[in-house]
Structures are given as C-alpha cells and as structure tokens.
2 protein chains.
Amino acid sequence: MATISDVAERAGLSRTTVSRVINQHPYVSEEKKKLVKQAMEELQYVPNSNAQKLRKQKTETIAVYVPRLTNPFFSQLVETMEEVAAEKEFQLLFCQTRYNKQQELSYLQLLRGKQIDGLILTSMENHWTEIEPYLTYGPIVLCNEYDYEAKVPMAHLDQVMGGYIGTQHLIDRGHQSIVYCSSEPGGSRVSKGRQEGYIKAMHQAGISIKPEWMYTDQFTIEGGKRLFYRLHNLKERPTAVFTGSDEVASGLIFEARKNGYRIPDDLAVIGFDDQPVAELMGLTTVKQPVHQLGRTAMELMVEQIQSSQKISSNRVELPFELIIRDST
Amino acid sequence: MATISDVAERAGLSRTTVSRVINQHPYVSEEKKKLVKQAMEELQYVPNSNAQKLRKQKTETIAVYVPRLTNPFFSQLVETMEEVAAEKEFQLLFCQTRYNKQQELSYLQLLRGKQIDGLILTSMENHWTEIEPYLTYGPIVLCNEYDYEAKVPMAHLDQVMGGYIGTQHLIDRGHQSIVYCSSEPGGSRVSKGRQEGYIKAMHQAGISIKPEWMYTDQFTIEGGKRLFYRLHNLKERPTAVFTGSDEVASGLIFEARKNGYRIPDDLAVIGFDDQPVAELMGLTTVKQPVHQLGRTAMELMVEQIQSSQKISSNRVELPFELIIRDST
DNA sequence: TATATACATGAAATCGTTTTCATAACTGAT
DNA sequence: ATCAGTTATGAAAACGATTTCATGTATATA
C-alpha cells in the first residue's frame, strides 16, 4: 500500500508538501498541488488514519454508550447521533453497557487510551464520582441521563416534570388508585426523577400512595405482561397504571385485553416515549423529543471538541408533550 | 499523560521490556514483571491505542454498515453484533448508509485508511463489482444481504424460500388474490429473492399475478398505512397481503381496522421478521433468526481476521420459521 | 567439555503521518 | 537600499508504541 513517501517520490517533492496538500494548508503553489494530486491518484493513495491520529492527537471518533440497543428509545437516539456525527465528519464508536457497572467502567478506558475524542453517555450505571476522573482524558456529554453535580454539557428532559405530567393526566381522568412502574432498572436519576414527579402529583391531589403501587425493573414487553398478572392478582386492583416506557405499557395492555379487560374502562394505561408502537396500540403517552435530544447532545459534543477551551457546563433541557390516545 | 518511556524509566528498565509485559510475551522474569506493573499502576499508564494500531497494523475494530438503525431488524442485528464483538474484544464502528450509494462508497474508505480490520455489510446499495476492489484492503463479510458472485463469507437466509413460505401459507388459507409488497427499496437481492419466492408459489398454485398486486419501496409503519389506501381504492380488492416487514404489516392492519376491516376475514396480512410488534398486533409472520444471523456474521468476521489465510467463501444459511397468529 | 537451546534484556529501527524549524525567493513600504 | 512580511519548500524531529536484532547467561545434551 502506498505511503506518503511514495507519493512524495513520485511527485518529486517532499513528504511535507504532500502533507500540506492533504491538509489543505495554504502556501502550496498550484503547480505542485497538481503534481501531488496526480501522484495520489495514480498510486490510489489514502492516508493511514492511525498515523494521522497518532500525530495529530485527534481521532475524529466519538463513542456513545447505551444500555441496550433494542430499546427503541436508544436506537432512535443512536440513529440520530450517527447522522449528526456524519454531518460533522466524525466516526461513531458504539458500545453497550448492558446495564452493567463493570462494562461501563471498562469502556471508559477508551478515553484514556486516546481511542476517542469524546464520550456521550445516554445512561449512567456508576455514580458520577466514579466517572468524573475520566474527564481528564477527554470531554464527556450526558444525554438523557443527567446529574446536577456533574459539570459537563448535557441534553436532557426534566424527568420530574415527565412523571408529573403523566400522573396528573390520570388524576384528571378521575383515577385515584394509580400504579407506578419504572422502566429503568437500578437507581438511575431518570427513573428516580420520574418517580418523584409521580409522588408529587399524587400528593398534590391528596392521594396517599400504597406500597403495592410501586414497581421497578420492568422495561420490556415481557415485563409489561408480568406486571399485568401482578396487578391482576392484587386484592384491590388499581384503575390506572403509569409505565416508564411504551414497551411495558404495550405488554400490559396486550395481556390485559387477552384476559378480557377493556382499556381504558377496566384499566387505564399511560406509556412513555411515544415510540412507533404507541400509535399502533392506541397508547396515551408522554412524548420525549428523542430526535432533538440526540442531535443536541452530539452537537454539544462536537462543539466542545472543536472549541479549545473547556465548556464546563451547558445544560439544554427539552420539553415533554402529552399525547392522548385511547388508553386513558 | 504517561507514555511507555515514563513507565520504563520509573521501573528502571527498557521500553522493550515494558512492551513485553503489556503484550504478555514470555521471557520476562517475574521480578521485572512486578516492577513494570507497579510502575504502570503508579503512573496510571494506559497504552496509546493509536500508536499500537499504527505499529501493529491492526485496529481491533470492525465496522458494520446498516441502512437505518430504527428499522428494528437492523437494531437487533447491531445489538447482537456488538455483544459478540465485545466478547472477542473488538470495537464496533457504526455506520448508516441511509439507503444511499454514495454514502456507502464513502464509508468504504475506512478500510483503505486502515481504520478498521474488517467490514460487515448488512445491506448493499452498490453492485458487488463496485465493492469487490476493496477486498484488497481487508475482509468483508455479508450479513443478511448476499450475492452469489461474491467470494466472501456470508451469513444469510434463502430469501426465495422466505417469500415462498409466506405466500404458500396464504394460498393454503384459500387466498387467490394476493398482493406482494417488498420492504427493501431499490433492487436489493434480499427483496428480489423474496419476490421470486412469491412468484414461484403463485405460479405453482396456478394463479396469474396482476400488475396492481406488486408494490415496492414501503418499509415503515407509515408505508403500511399508505399501502392500505392504495388497496382500498382498487376496484378489485385483494383478500390477502404479503408484506416484507412487520412494520408495514402493522401499519396496514392498523389503518384497515380503523376503516372497519376485520382481520383476517376482510383482509389477511402476513409480516416478515417476527419483531416484538408482531406479537402485539397478532401478526402471522415469517420469522428470521436475527440473533443468530448477527452472531454468525460477527463470528465469521473475527475468524477471518484472526486466521492468517484468506477464507474466500464460507456461506452459512439459516432457516426461516412460520409463526402463525391471528392475522391470517 | 563443547555446543546447542531456552530464557532474559536492551538498543535501535520501524510504523506513516504532521509539526517545527530553517532557508530562500519575492513583494511592497520606507 | 534596507527591512519586514508573505509565499513556498524541505530536512529532521516528534507522536508512542512494537519488532528486529544483538548480546549475554543459564541449562540441557551429546
């Protein structure tokens, strides 16, 4: 494979000049520029990007961490991020943490090894204090996930508000016994915030929350089905359910209908995200502007990489939207 | 940031020895090994991976090209591939071609720039002859997409069989006027093969195909909705539809029900893939073993990278499964 | 005892670029 | 005529690792 030296030799010039042409430096005469371009063409020369990265100390690569891709929320996010990255001529390294602290930490080494210019976290398995030290090695941007202690750019939503809006809608519809089921396993901020919103709305309405109304760790269609049977078997059945994802809501409704429930009369269900399946299932849901979320996060990242000074904090908060369909 | 020289100095040894420890070469005494490890620890040393890649001429990175991630078929594929890659200690570079020839070709440059060790194509926008030359620069594996001219490893399904199975099922149910709607835009092999299977089944059953029974370029829920209205407006409406994806099938059923159609009595619909939504919609579908497809492709890739000799051809064909639910 | 072989280490070359530094020619202003 | 600044080019250093080659010592073999 041809190297820059081969090109230089063929053009009868120095490596430096060839490099200048590649990098569009000024101060190369048109004449030599032509010679170089011809030689590159003839040799089918493409610069070795590892050599470039080593020398330039830049990789033009951004890593994005998601828990699991088949969660449509995250695949939408990644799709958008790749688009924006491509626009800005960055590559995307894709990593799944699988809701696993160790996995997340091990992927963080990519930053230290200079393999990437920056890192976007869409979820955080570890506490921020575990992650913060890695800021020495490169910029980190939070997307969806947030942490008010963290002094880094972030694009996210006010999850407390999200939980509040959804719960309030159910209360407005006249419900009193409302189950809350979180989507994110573990104690993520996202999940905690949403739960806080639920509690706030319930308290404001003067409803006291029963312990058997709180569920966690369900975040799939299967989880929604399981949830149905748990509720079905309660002595006092709730009249409404707030779920942390359209998946869970869909599974729940599916299984409920199979068991003869009429939705929303026997059970009202509200989802979260407004994924494509929400429309198909006629799901009332709290819509997150996923597209905008991903775009903003990637733009914050690129901005930070390209500006020399460190942007310590730049928080973008996007709005929710309540989409009312037939499940409430 | 500490370099290998810093570590060597601190340990009172040469860079060579430090490198040997990093790479687990034999012929390093336990004593020195300890010294090196301690020095690495104290300096928080992590090797610069760009330097390693440059010198080793290996990147431990595999690129995977998909058209668009939000197609659940592809996000499942990528999810699995990342898992397998992580097992084998490879990184995943993620690229979307957006069903665009140019985009695909421009991403192919990654191979020439030595940025990746290999490339998995899950779809092919360009003809194989356009892609073949890049084999000089590194291995390419086909996944889902296939081409019998291509002498490269591939994991795929017999799409002719897929089209046949689905159509035959509709024929078995007594249908005669069956619409075919492909999912893949353009003239991909996958799409062509499936169509061939449809034609084969129809011919075998002695049914002649009407031109208004063939649709292409629909591959989303919205596309399914549009398809419904097209069919609805036909003078002679078909009694069954074979769709190339569960998305299209779902959109079609959704809109049909909205317009008072009973499924499957007024219109039978069969999907493709068996995505999660298929169960929710009660969709009969031709299941593709996506998980296995992704795993096999990634394994073929790693195998080829790690074995020194070129494996010119290693074709793995996986089986379909017909999942019968309520839509037929 | 001579000699091949395994073990252990380091100096220097190498991977393929970009960057720094040096040099020189040309331009325009004083 | 001199000086400063712009334009144009190349030699050599640098990026941070691994690999090759050379050398020395300990051990086993004939």
# chains A, B, ... in the order shown; residues from 1 in each chain; ligands from 1
call {"tool": "interface_residues", "arguments": {"of": "chain B", "to": "chain D", "cutoff": "8 Å", "atoms": "only C-alpha atoms (C1' of nucleotides)", "output": "NGL selection string"}}
result
:B and (3-4 or 19 or 47-48 or 51-52 or 55-56)
call {"tool": "residues_around", "arguments": {"residues": "Lys192 (chain B)", "least_positions_apart": "6", "cutoff": "12 Å", "atoms": "only C-alpha atoms (C1' of nucleotides)", "output": "list in words"}}
result
Glu145, Tyr146, Asp147, Asp158, Gln159, Val160, Met161, Gly162, Gly163, Tyr180, Cys181, Ser182, Ser183, Glu184, Pro185, Gly186, Tyr198, Ile199, Thr216 and Gly244 of chain B
call {"tool": "closest_atom_pairs", "arguments": {"of": "chain B", "to": "chain A", "cutoff": "8 Å", "atoms": "only C-alpha atoms", "output": "tab-separated table"}}
result
residue	atom	partner	partner_atom	distance
B:Val46	CA	A:Gly113	CA	5.8
B:Pro47	CA	A:Gly113	CA	5.9
B:Asn48	CA	A:Gly113	CA	4.8
B:Ser49	CA	A:Gly113	CA	5.4
B:Asn50	CA	A:Leu54	CA	5.3
B:Ala51	CA	A:Leu54	CA	5.9
B:Lys53	CA	A:Asn50	CA	6.4
B:Leu54	CA	A:Asn50	CA	5.3
B:Arg68	CA	A:Glu79	CA	7.0
B:Leu69	CA	A:Glu79	CA	5.5
B:Thr70	CA	A:Gln76	CA	5.7
B:Pro72	CA	A:Thr70	CA	7.2
B:Ser75	CA	A:Thr70	CA	5.9
B:Gln76	CA	A:Thr70	CA	5.7
B:Val78	CA	A:Leu69	CA	7.7
B:Glu79	CA	A:Leu69	CA	5.5
B:Glu82	CA	A:Cys95	CA	7.0
B:Glu83	CA	A:Gln96	CA	7.7
B:Gln91	CA	A:Leu93	CA	7.3
B:Leu92	CA	A:Phe94	CA	5.7
B:Leu93	CA	A:Leu93	CA	4.6
B:Phe94	CA	A:Leu92	CA	5.7
B:Cys95	CA	A:Glu82	CA	7.1
B:Gln96	CA	A:Glu82	CA	7.2
B:Arg112	CA	A:Val46	CA	6.5
B:Gly113	CA	A:Asn48	CA	4.8
B:Lys114	CA	A:Asn48	CA	6.0
B:Gln115	CA	A:Ser49	CA	6.0
B:Ile221	CA	A:Pro276	CA	7.8
B:Ser250	CA	A:Leu280	CA	7.4
B:Gly251	CA	A:Leu280	CA	7.4
B:Phe254	CA	A:Leu280	CA	6.3
B:Pro276	CA	A:Ile221	CA	7.8
B:Val277	CA	A:Val277	CA	7.0
B:Leu280	CA	A:Phe254	CA	6.3
call {"tool": "interface_residues", "arguments": {"of": "chain C", "to": "chain A", "cutoff": "9 Å", "atoms": "only C-alpha atoms (C1' of nucleotides)", "output": "list in words"}}
result
DC15, DG16, DT17, DT18 and DT19 of chain C
call {"tool": "atom_distance", "arguments": {"atom1": "CA of Leu252 (chain B)", "atom2": "CA of Lys225 (chain B)"}}
result
4.9 Å
